[in-house]
file target.tsv (TSV, C-alpha atoms and all ligand atoms)
chain	number	residue	atom	x	y	z
A	1	MET	CA	140.75	31.73	129.50
A	2	THR	CA	139.90	33.34	126.18
A	3	ILE	CA	141.62	32.43	122.96
A	4	VAL	CA	144.45	34.78	122.10
A	5	LYS	CA	144.74	35.65	118.43
A	6	GLU	CA	148.24	35.75	117.01
A	7	GLU	CA	149.38	39.20	116.03
A	8	HIS	CA	149.56	39.98	112.36
A	9	GLU	CA	151.28	42.69	110.43
A	10	GLY	CA	148.50	43.76	108.16
A	11	VAL	CA	146.44	42.06	105.51
A	12	ALA	CA	149.19	40.07	103.80
A	13	ALA	CA	149.98	38.19	107.01
A	14	GLU	CA	146.27	37.63	107.68
A	15	SER	CA	145.62	36.02	104.28
A	16	ALA	CA	148.66	33.79	104.79
A	17	THR	CA	147.39	32.43	108.12
A	18	PRO	CA	147.48	28.64	107.75
A	19	ALA	CA	144.47	26.53	108.72
A	20	TYR	CA	146.73	24.92	111.31
A	21	ARG	CA	150.09	25.94	112.68
A	22	ILE	CA	151.42	23.16	114.88
A	23	VAL	CA	154.57	23.82	116.86
A	24	GLY	CA	156.50	21.24	118.89
A	25	VAL	CA	153.48	19.15	119.81
A	26	THR	CA	154.12	16.17	122.05
A	27	LYS	CA	151.58	13.86	123.61
A	28	THR	CA	152.37	11.30	126.28
A	29	TYR	CA	149.98	8.81	127.83
A	30	GLN	CA	150.33	6.79	131.02
A	31	GLN	CA	149.70	3.10	130.32
A	32	LYS	CA	149.78	0.89	133.42
A	33	GLY	CA	152.48	3.03	135.00
A	34	ARG	CA	154.42	3.18	131.73
A	35	VAL	CA	154.84	6.41	129.76
A	36	VAL	CA	153.86	6.08	126.09
A	37	LYS	CA	154.96	8.84	123.72
A	38	ALA	CA	152.26	9.06	121.06
A	39	LEU	CA	153.61	12.29	119.49
A	40	THR	CA	157.20	13.43	119.86
A	41	GLY	CA	157.56	17.03	118.75
A	42	VAL	CA	155.38	17.57	115.68
A	43	THR	CA	155.89	20.87	113.87
A	44	ILE	CA	153.94	21.50	110.67
A	45	ASN	CA	151.67	24.01	108.93
A	46	ILE	CA	148.54	23.03	107.04
A	47	ALA	CA	147.36	25.52	104.43
A	48	GLN	CA	143.82	26.81	104.00
A	49	GLY	CA	141.96	24.73	101.42
A	50	ASP	CA	144.45	21.88	101.51
A	51	PHE	CA	143.53	18.19	101.23
A	52	VAL	CA	145.97	16.35	103.47
A	53	THR	CA	146.08	12.63	104.14
A	54	ILE	CA	147.93	11.05	107.05
A	55	GLN	CA	149.15	7.49	106.63
A	56	GLY	CA	151.29	5.29	108.82
A	57	PRO	CA	151.41	2.12	110.91
A	58	THR	CA	148.94	1.31	113.69
A	59	GLY	CA	150.07	2.93	116.91
A	60	GLY	CA	152.00	5.61	115.01
A	61	GLY	CA	150.02	8.43	116.59
A	62	LYS	CA	147.53	9.27	113.81
A	63	SER	CA	144.36	9.23	115.91
A	64	THR	CA	146.08	11.10	118.72
A	65	PHE	CA	147.18	13.79	116.28
A	66	LEU	CA	143.70	14.13	114.77
A	67	GLN	CA	142.11	14.36	118.22
A	68	ILE	CA	144.44	17.20	119.11
A	69	LEU	CA	143.66	18.98	115.82
A	70	GLY	CA	139.97	18.44	116.56
A	71	ALA	CA	140.17	19.94	120.06
A	72	LEU	CA	139.03	16.57	121.46
A	73	ASP	CA	142.28	16.33	123.41
A	74	ARG	CA	145.14	18.61	124.43
A	75	PRO	CA	148.83	18.22	123.67
A	76	THR	CA	151.16	17.52	126.60
A	77	GLU	CA	153.47	20.20	125.19
A	78	GLY	CA	153.45	22.53	122.22
A	79	GLU	CA	151.13	24.91	120.42
A	80	VAL	CA	148.23	24.31	118.04
A	81	PHE	CA	146.86	27.33	116.20
A	82	LEU	CA	143.58	26.95	114.29
A	83	ASN	CA	143.26	29.95	111.98
A	84	GLY	CA	145.62	31.83	114.27
A	85	ALA	CA	143.89	31.01	117.56
A	86	ASP	CA	145.82	28.92	120.10
A	87	ILE	CA	143.61	25.94	120.89
A	88	ALA	CA	146.17	24.20	123.10
A	89	LYS	CA	145.70	26.96	125.67
A	90	ALA	CA	141.94	27.39	125.30
A	91	SER	CA	139.56	26.70	128.19
A	92	ASN	CA	137.30	23.64	128.11
A	93	THR	CA	134.36	25.92	127.30
A	94	GLU	CA	136.28	27.44	124.40
A	95	LEU	CA	137.26	23.97	123.13
A	96	GLY	CA	133.61	22.95	123.26
A	97	ARG	CA	132.68	25.98	121.18
A	98	LEU	CA	135.43	25.23	118.62
A	99	ARG	CA	134.20	21.64	118.27
A	100	ALA	CA	130.65	22.87	117.91
A	101	ASP	CA	131.17	25.38	115.16
A	102	GLU	CA	134.67	25.41	113.65
A	103	ILE	CA	135.66	21.75	113.37
A	104	GLY	CA	133.86	18.94	111.58
A	105	PHE	CA	134.78	15.40	112.63
A	106	VAL	CA	134.03	12.15	110.79
A	107	PHE	CA	134.77	8.73	112.29
A	108	GLN	CA	135.33	5.28	110.82
A	109	GLY	CA	132.17	3.92	112.49
A	110	PHE	CA	129.87	6.77	111.28
A	111	ASN	CA	128.57	7.39	114.87
A	112	LEU	CA	124.99	8.03	113.75
A	113	ILE	CA	122.03	7.72	116.12
A	114	PRO	CA	120.08	4.67	114.83
A	115	THR	CA	116.65	5.85	116.00
A	116	LEU	CA	116.90	9.20	114.21
A	117	THR	CA	116.41	9.83	110.49
A	118	ALA	CA	119.28	11.06	108.31
A	119	ALA	CA	117.94	14.63	108.49
A	120	GLU	CA	117.57	14.42	112.27
A	121	ASN	CA	121.12	13.11	112.59
A	122	VAL	CA	122.41	16.03	110.52
A	123	ASP	CA	120.31	18.43	112.61
A	124	MET	CA	121.97	17.08	115.80
A	125	GLY	CA	125.25	18.65	114.72
A	126	LEU	CA	123.56	22.05	114.68
A	127	GLU	CA	122.05	21.81	118.15
A	128	PRO	CA	124.85	23.69	119.98
A	129	LEU	CA	124.80	26.60	117.52
A	130	GLY	CA	121.54	28.20	118.66
A	131	LEU	CA	120.30	28.84	115.12
A	132	ALA	CA	116.70	29.74	114.25
A	133	LYS	CA	114.55	26.76	113.24
A	134	GLU	CA	114.30	27.85	109.59
A	135	GLU	CA	118.07	28.31	109.30
A	136	ARG	CA	118.61	24.86	110.81
A	137	ALA	CA	116.21	23.29	108.32
A	138	ARG	CA	117.92	25.15	105.47
A	139	ARG	CA	121.38	23.97	106.56
A	140	VAL	CA	120.24	20.35	106.97
A	141	ALA	CA	118.72	20.32	103.47
A	142	GLU	CA	121.80	21.97	101.97
A	143	ALA	CA	124.21	19.54	103.67
A	144	LEU	CA	122.20	16.54	102.43
A	145	VAL	CA	122.38	17.96	98.89
A	146	HIS	CA	126.17	18.34	99.21
A	147	VAL	CA	126.52	14.62	99.94
A	148	GLY	CA	123.94	13.58	97.32
A	149	LEU	CA	121.32	12.35	99.79
A	150	GLU	CA	118.57	14.91	99.34
A	151	GLU	CA	116.12	12.06	98.67
A	152	ARG	CA	117.08	10.13	101.81
A	153	GLY	CA	116.48	12.63	104.60
A	154	ASP	CA	113.68	10.60	106.16
A	155	HIS	CA	115.56	7.28	106.14
A	156	ARG	CA	117.05	5.83	109.30
A	157	PRO	CA	120.70	4.65	109.28
A	158	GLY	CA	119.60	0.99	109.19
A	159	GLU	CA	117.84	1.65	105.88
A	160	LEU	CA	120.98	3.07	104.26
A	161	SER	CA	124.16	1.47	102.87
A	162	GLY	CA	127.47	2.00	104.71
A	163	GLY	CA	128.53	4.57	102.13
A	164	GLN	CA	125.25	6.44	102.53
A	165	GLN	CA	125.58	6.35	106.33
A	166	GLN	CA	129.03	7.85	106.10
A	167	ARG	CA	127.68	10.51	103.77
A	168	VAL	CA	125.07	11.36	106.41
A	169	ALA	CA	127.90	11.65	108.95
A	170	ILE	CA	129.75	13.98	106.57
A	171	ALA	CA	126.58	16.04	106.12
A	172	ARG	CA	126.28	16.31	109.91
A	173	ALA	CA	129.89	17.53	110.09
A	174	ILE	CA	129.57	20.13	107.31
A	175	ALA	CA	126.13	21.50	108.22
A	176	LYS	CA	127.74	23.67	110.87
A	177	GLN	CA	129.94	25.15	108.11
A	178	PRO	CA	133.21	24.31	109.84
A	179	LYS	CA	136.61	25.74	108.93
A	180	VAL	CA	138.15	22.29	108.71
A	181	LEU	CA	136.93	18.73	108.25
A	182	LEU	CA	138.88	16.01	110.05
A	183	ALA	CA	138.26	12.36	109.24
A	184	ASP	CA	139.75	9.30	110.97
A	185	GLU	CA	139.67	6.32	108.58
A	186	PRO	CA	136.38	7.46	107.00
A	187	THR	CA	136.45	4.62	104.46
A	188	GLY	CA	137.85	1.96	106.81
A	189	ASN	CA	134.51	0.11	107.08
A	190	LEU	CA	133.55	0.46	103.41
A	191	ASP	CA	134.06	-1.57	100.26
A	192	GLU	CA	135.70	-0.07	97.17
A	193	SER	CA	132.61	1.34	95.49
A	194	MET	CA	131.42	2.96	98.71
A	195	ARG	CA	134.92	4.28	99.28
A	196	ASP	CA	134.77	5.93	95.88
A	197	GLU	CA	131.43	7.56	96.81
A	198	ILE	CA	133.04	9.05	99.91
A	199	LEU	CA	136.12	10.15	97.98
A	200	GLN	CA	133.95	11.99	95.47
A	201	VAL	CA	132.12	13.80	98.26
A	202	LEU	CA	135.38	14.73	99.98
A	203	GLN	CA	136.92	15.97	96.75
A	204	SER	CA	133.89	18.07	95.94
A	205	LEU	CA	133.91	19.64	99.43
A	206	ASN	CA	137.60	20.39	99.07
A	207	GLY	CA	136.89	21.90	95.63
A	208	GLY	CA	134.50	24.25	97.44
A	209	GLY	CA	137.37	25.42	99.64
A	210	LEU	CA	137.00	23.24	102.74
A	211	THR	CA	140.30	22.22	104.37
A	212	LEU	CA	140.41	18.41	104.71
A	213	ILE	CA	142.64	16.30	106.92
A	214	VAL	CA	142.06	12.58	106.49
A	215	VAL	CA	143.75	9.71	108.31
A	216	THR	CA	143.71	6.68	106.01
A	217	HIS	CA	145.23	3.27	105.42
A	218	ASP	CA	143.89	3.35	101.88
A	219	SER	CA	146.41	4.41	99.23
A	220	ALA	CA	143.52	5.10	96.81
A	221	VAL	CA	142.39	7.84	99.20
A	222	ALA	CA	145.92	9.16	99.65
A	223	ARG	CA	146.40	9.36	95.87
A	224	LYS	CA	143.63	11.99	95.73
A	225	ALA	CA	145.28	14.22	98.34
A	226	LYS	CA	147.13	17.42	97.52
A	227	ARG	CA	149.56	16.67	100.32
A	228	ARG	CA	150.46	13.35	101.91
A	229	LEU	CA	151.90	13.00	105.39
A	230	ARG	CA	153.21	9.92	107.15
A	231	LEU	CA	153.05	9.64	110.92
A	232	GLU	CA	155.29	7.00	112.41
A	233	LYS	CA	156.61	6.66	115.97
A	234	GLY	CA	155.08	10.03	116.82
A	235	THR	CA	156.90	11.90	114.04
A	236	VAL	CA	155.40	13.49	110.91
A	237	ARG	CA	157.06	13.33	107.51
A	238	ASP	CA	155.85	14.86	104.25
A	239	ILE	CA	155.78	12.10	101.60
A	240	THR	CA	154.06	14.09	98.83
A	241	LYS	CA	155.75	13.18	95.58
A	301	LIG	N1	143.87	7.11	125.55
A	301	LIG	C1	145.07	6.50	125.51
A	301	LIG	N2	145.66	6.06	126.65
A	301	LIG	C2	146.87	5.47	126.61
A	301	LIG	N3	147.58	5.28	125.48
A	301	LIG	C3	147.05	5.68	124.33
A	301	LIG	C4	145.76	6.30	124.28
A	301	LIG	N4	145.49	6.62	122.98
A	301	LIG	C5	146.55	6.19	122.26
A	301	LIG	N5	147.49	5.64	123.07
A	301	LIG	C6	148.79	5.09	122.63
A	301	LIG	O1	149.42	6.08	121.84
A	301	LIG	C7	150.07	5.50	120.70
A	301	LIG	C8	149.49	6.10	119.42
A	301	LIG	O2	148.14	5.65	119.28
A	301	LIG	P1	147.16	6.19	118.15
A	301	LIG	O3	147.23	7.67	118.12
A	301	LIG	O4	145.85	5.56	118.38
A	301	LIG	O5	147.84	5.61	116.82
A	301	LIG	P2	147.20	5.27	115.39
A	301	LIG	O6	145.91	5.99	115.26
A	301	LIG	O7	148.27	5.71	114.42
A	301	LIG	O8	147.03	3.77	115.35
A	301	LIG	C9	149.88	3.99	120.84
A	301	LIG	O9	151.01	3.47	121.50
A	301	LIG	C10	148.67	3.88	121.72
A	301	LIG	O10	148.67	2.68	122.46
A	302	MG	MG	144.02	5.30	114.81

call {"tool": "encode", "arguments": {"input": "target.tsv", "output": "structure tokens", "more": "lines below"}}
Ligand SMILES: Nc1ncnc2c1ncn2[C@@H]1O[C@H](COP(=O)(O)OP(=O)(O)O)[C@@H](O)[C@H]1O
Ligand SMILES: [Mg+2]
result
Amino acid sequence: MTIVKEEHEGVAAESATPAYRIVGVTKTYQQKGRVVKALTGVTINIAQGDFVTIQGPTGGGKSTFLQILGALDRPTEGEVFLNGADIAKASNTELGRLRADEIGFVFQGFNLIPTLTAAENVDMGLEPLGLAKEERARRVAEALVHVGLEERGDHRPGELSGGQQQRVAIARAIAKQPKVLLADEPTGNLDESMRDEILQVLQSLNGGGLTLIVVTHDSAVARKAKRRLRLEKGTVRDITK
């Protein structure tokens, strides 16, 4: 199935297309014969260029929600539009393409390949895009500059601090020039000073126009957000003050 674009009435509607339009999303899991409702009817828009954090208790549905936004999983019910395209109804091939070139994902555990250098790890994110070799090299160098690691391209993860490793992971996610960057507890394994490094990088990317959605337990991260959400018992609430 191909992705169906929503219909728009001219330019005004087009420019107002949110990064995400999420309508009535539920997600249920089967756990040992029991039905677990991870999301129970989430409806929310996320604007282009926003910096949104999602807080809430363990088991509240945060990771499930982010995986659905990241096309890593499908909702049980409901609609998820990324820039107007319905990703809940997309084919597996289409979802693979979205993950490859429209969505950047950053995880708590960095998920770098230990035997590859920082530059090679960043380059991995570009593999599915079929870019020319020169363009790949240019994007890798540019992404490393964006995270302040232009001098560390030939270092392996084991030779870098946790904060630097997470910055490599961010570089890998942004090298494909995604429309959104999703991060699940990106500072969860880091001390305060490394957290601040990551926050600075995220804020600077958002300043450049990238839409950010960050799941976090850390109120210092949430304080930097433009919009704060809380996800509890499968329900989203806006807690921006
Ligand atoms: N793959 C899965 N299979 C079964 N249950 C799951 C799965 N992933 C999450 N859940 C359940 O869904 C609920 C929400 O989990 P999760 O989205 O991981 O919450 P959070 O990230 O806020 O801690 C929990 O009850 C959890 O046990
Ligand atoms: Mg989680």

call {"tool": "atom_distance", "arguments": {"input": "target.tsv", "atom1": "CA of Leu149 (chain A)", "atom2": "CA of Ala71 (chain A)"}}
result
28.7 Å

call {"tool": "closest_residue", "arguments": {"input": "target.tsv", "among": "A:Met124, A:Ala183, A:Ile103, A:Leu212", "to": "ligand MG 302 (chain A)", "atoms": "all atoms listed in the file"}}
result
A:Ala183

call {"tool": "residues_near_ligand", "arguments": {"input": "target.tsv", "ligand": "ligand LIG 301 (chain A)", "cutoff": "8 Å", "atoms": "only C-alpha atoms and all ligand atoms", "output": "tab-separated table (two decimals) with C-alpha atoms, in the frame of the given file"}}
result
chain	number	residue	atom	x	y	z
A	28	THR	CA	152.37	11.30	126.28
A	29	TYR	CA	149.98	8.81	127.83
A	30	GLN	CA	150.33	6.79	131.02
A	31	GLN	CA	149.70	3.10	130.32
A	36	VAL	CA	153.86	6.08	126.09
A	37	LYS	CA	154.96	8.84	123.72
A	38	ALA	CA	152.26	9.06	121.06
A	39	LEU	CA	153.61	12.29	119.49
A	56	GLY	CA	151.29	5.29	108.82
A	57	PRO	CA	151.41	2.12	110.91
A	58	THR	CA	148.94	1.31	113.69
A	59	GLY	CA	150.07	2.93	116.91
A	60	GLY	CA	152.00	5.61	115.01
A	61	GLY	CA	150.02	8.43	116.59
A	62	LYS	CA	147.53	9.27	113.81
A	63	SER	CA	144.36	9.23	115.91
A	64	THR	CA	146.08	11.10	118.72
A	65	PHE	CA	147.18	13.79	116.28
A	231	LEU	CA	153.05	9.64	110.92
A	232	GLU	CA	155.29	7.00	112.41
A	233	LYS	CA	156.61	6.66	115.97
A	234	GLY	CA	155.08	10.03	116.82

call {"tool": "atom_distance", "arguments": {"input": "target.tsv", "atom1": "CA of Gln55 (chain A)", "atom2": "CA of Val180 (chain A)"}}
result
18.6 Å

call {"tool": "residues_around", "arguments": {"input": "target.tsv", "residues": "Phe107 (chain A)", "least_positions_apart": "3", "cutoff": "8 Å", "atoms": "all atoms listed in the file", "output": "PyMOL selection string"}}
result
chain A and resi 110-111+183-186

call {"tool": "closest_residue", "arguments": {"input": "target.tsv", "among": "A:Ala173, A:Val80, A:Ala222, A:Val215", "to": "ligand MG 302 (chain A)", "atoms": "only C-alpha atoms and all ligand atoms"}}
result
A:Val215

call {"tool": "closest_residue", "arguments": {"input": "target.tsv", "among": "A:Asp238, A:Gly188, A:Leu98, A:Ser204", "to": "Ala220 (chain A)", "atoms": "only C-alpha atoms"}}
result
A:Gly188

call {"tool": "closest_residue", "arguments": {"input": "target.tsv", "among": "A:Ala47, A:Ile54, A:Leu190, A:Ala141", "to": "ligand MG 302 (chain A)", "atoms": "all atoms listed in the file"}}
result
A:Ile54

call {"tool": "build_atoms", "arguments": {"input": "target.tsv", "residues": "region 142-153 of chain A", "atoms": "all heavy atoms", "output": "PDB file, keeping the file's coordinate frame"}}
result
ATOM      1  N   GLU A 142     120.639  21.646 102.786  1.00  0.00           N
ATOM      2  CA  GLU A 142     121.800  21.970 101.970  1.00  0.00           C
ATOM      3  C   GLU A 142     122.913  20.926 102.149  1.00  0.00           C
ATOM      4  O   GLU A 142     123.531  20.484 101.180  1.00  0.00           O
ATOM      5  CB  GLU A 142     122.306  23.367 102.363  1.00  0.00           C
ATOM      6  CG  GLU A 142     123.393  23.923 101.491  1.00  0.00           C
ATOM      7  CD  GLU A 142     123.831  25.287 102.013  1.00  0.00           C
ATOM      8  OE1 GLU A 142     124.506  25.351 103.061  1.00  0.00           O
ATOM      9  OE2 GLU A 142     123.477  26.283 101.378  1.00  0.00           O
ATOM     10  N   ALA A 143     123.154  20.519 103.402  1.00  0.00           N
ATOM     11  CA  ALA A 143     124.210  19.540 103.670  1.00  0.00           C
ATOM     12  C   ALA A 143     123.875  18.197 103.021  1.00  0.00           C
ATOM     13  O   ALA A 143     124.750  17.525 102.464  1.00  0.00           O
ATOM     14  CB  ALA A 143     124.410  19.371 105.178  1.00  0.00           C
ATOM     15  N   LEU A 144     122.602  17.810 103.063  1.00  0.00           N
ATOM     16  CA  LEU A 144     122.200  16.540 102.430  1.00  0.00           C
ATOM     17  C   LEU A 144     122.385  16.621 100.912  1.00  0.00           C
ATOM     18  O   LEU A 144     122.777  15.632 100.280  1.00  0.00           O
ATOM     19  CB  LEU A 144     120.764  16.183 102.801  1.00  0.00           C
ATOM     20  CG  LEU A 144     120.579  15.667 104.245  1.00  0.00           C
ATOM     21  CD1 LEU A 144     119.105  15.538 104.604  1.00  0.00           C
ATOM     22  CD2 LEU A 144     121.293  14.320 104.450  1.00  0.00           C
ATOM     23  N   VAL A 145     122.138  17.779 100.325  1.00  0.00           N
ATOM     24  CA  VAL A 145     122.380  17.960  98.890  1.00  0.00           C
ATOM     25  C   VAL A 145     123.884  17.803  98.589  1.00  0.00           C
ATOM     26  O   VAL A 145     124.272  17.128  97.640  1.00  0.00           O
ATOM     27  CB  VAL A 145     121.875  19.334  98.390  1.00  0.00           C
ATOM     28  CG1 VAL A 145     122.381  19.624  96.978  1.00  0.00           C
ATOM     29  CG2 VAL A 145     120.353  19.397  98.448  1.00  0.00           C
ATOM     30  N   HIS A 146     124.717  18.399  99.436  1.00  0.00           N
ATOM     31  CA  HIS A 146     126.170  18.340  99.210  1.00  0.00           C
ATOM     32  C   HIS A 146     126.699  16.908  99.187  1.00  0.00           C
ATOM     33  O   HIS A 146     127.696  16.628  98.537  1.00  0.00           O
ATOM     34  CB  HIS A 146     126.911  19.121 100.305  1.00  0.00           C
ATOM     35  CG  HIS A 146     127.106  20.561  99.945  1.00  0.00           C
ATOM     36  ND1 HIS A 146     126.669  21.601 100.731  1.00  0.00           N
ATOM     37  CD2 HIS A 146     127.674  21.133  98.867  1.00  0.00           C
ATOM     38  CE1 HIS A 146     126.959  22.735 100.150  1.00  0.00           C
ATOM     39  NE2 HIS A 146     127.568  22.485  99.015  1.00  0.00           N
ATOM     40  N   VAL A 147     126.056  16.012  99.929  1.00  0.00           N
ATOM     41  CA  VAL A 147     126.520  14.620  99.940  1.00  0.00           C
ATOM     42  C   VAL A 147     125.652  13.723  99.053  1.00  0.00           C
ATOM     43  O   VAL A 147     125.779  12.497  99.085  1.00  0.00           O
ATOM     44  CB  VAL A 147     126.593  14.053 101.385  1.00  0.00           C
ATOM     45  CG1 VAL A 147     127.557  14.878 102.241  1.00  0.00           C
ATOM     46  CG2 VAL A 147     125.211  13.984 102.030  1.00  0.00           C
ATOM     47  N   GLY A 148     124.749  14.339  98.282  1.00  0.00           N
ATOM     48  CA  GLY A 148     123.940  13.580  97.320  1.00  0.00           C
ATOM     49  C   GLY A 148     122.850  12.736  97.951  1.00  0.00           C
ATOM     50  O   GLY A 148     122.463  11.702  97.400  1.00  0.00           O
ATOM     51  N   LEU A 149     122.357  13.146  99.113  1.00  0.00           N
ATOM     52  CA  LEU A 149     121.320  12.350  99.790  1.00  0.00           C
ATOM     53  C   LEU A 149     120.042  13.148 100.035  1.00  0.00           C
ATOM     54  O   LEU A 149     119.314  12.876 100.989  1.00  0.00           O
ATOM     55  CB  LEU A 149     121.861  11.831 101.142  1.00  0.00           C
ATOM     56  CG  LEU A 149     122.912  10.735 101.083  1.00  0.00           C
ATOM     57  CD1 LEU A 149     123.378  10.363 102.491  1.00  0.00           C
ATOM     58  CD2 LEU A 149     122.378   9.492 100.367  1.00  0.00           C
ATOM     59  N   GLU A 150     119.764  14.073  99.136  1.00  0.00           N
ATOM     60  CA  GLU A 150     118.570  14.910  99.340  1.00  0.00           C
ATOM     61  C   GLU A 150     117.274  14.102  99.358  1.00  0.00           C
ATOM     62  O   GLU A 150     116.296  14.505  99.964  1.00  0.00           O
ATOM     63  CB  GLU A 150     118.503  16.054  98.315  1.00  0.00           C
ATOM     64  CG  GLU A 150     118.513  15.635  96.854  1.00  0.00           C
ATOM     65  CD  GLU A 150     119.927  15.449  96.288  1.00  0.00           C
ATOM     66  OE1 GLU A 150     120.844  15.063  97.049  1.00  0.00           O
ATOM     67  OE2 GLU A 150     120.109  15.668  95.076  1.00  0.00           O
ATOM     68  N   GLU A 151     117.318  12.911  98.719  1.00  0.00           N
ATOM     69  CA  GLU A 151     116.120  12.060  98.670  1.00  0.00           C
ATOM     70  C   GLU A 151     115.999  11.147  99.896  1.00  0.00           C
ATOM     71  O   GLU A 151     115.019  10.422 100.025  1.00  0.00           O
ATOM     72  CB  GLU A 151     116.154  11.168  97.428  1.00  0.00           C
ATOM     73  CG  GLU A 151     116.422  11.891  96.127  1.00  0.00           C
ATOM     74  CD  GLU A 151     115.220  12.703  95.676  1.00  0.00           C
ATOM     75  OE1 GLU A 151     114.103  12.150  95.711  1.00  0.00           O
ATOM     76  OE2 GLU A 151     115.406  13.884  95.324  1.00  0.00           O
ATOM     77  N   ARG A 152     117.022  11.130 100.748  1.00  0.00           N
ATOM     78  CA  ARG A 152     117.080  10.130 101.810  1.00  0.00           C
ATOM     79  C   ARG A 152     116.941  10.714 103.220  1.00  0.00           C
ATOM     80  O   ARG A 152     117.208  10.013 104.197  1.00  0.00           O
ATOM     81  CB  ARG A 152     118.401   9.346 101.735  1.00  0.00           C
ATOM     82  CG  ARG A 152     118.610   8.612 100.443  1.00  0.00           C
ATOM     83  CD  ARG A 152     117.491   7.612 100.188  1.00  0.00           C
ATOM     84  NE  ARG A 152     117.731   6.858  98.978  1.00  0.00           N
ATOM     85  CZ  ARG A 152     118.070   5.576  98.966  1.00  0.00           C
ATOM     86  NH1 ARG A 152     118.194   4.914 100.093  1.00  0.00           N
ATOM     87  NH2 ARG A 152     118.275   4.964  97.832  1.00  0.00           N
ATOM     88  N   GLY A 153     116.539  11.953 103.301  1.00  0.00           N
ATOM     89  CA  GLY A 153     116.480  12.630 104.600  1.00  0.00           C
ATOM     90  C   GLY A 153     115.625  11.937 105.641  1.00  0.00           C
ATOM     91  O   GLY A 153     115.908  12.010 106.841  1.00  0.00           O
TER      92      GLY A 153
END
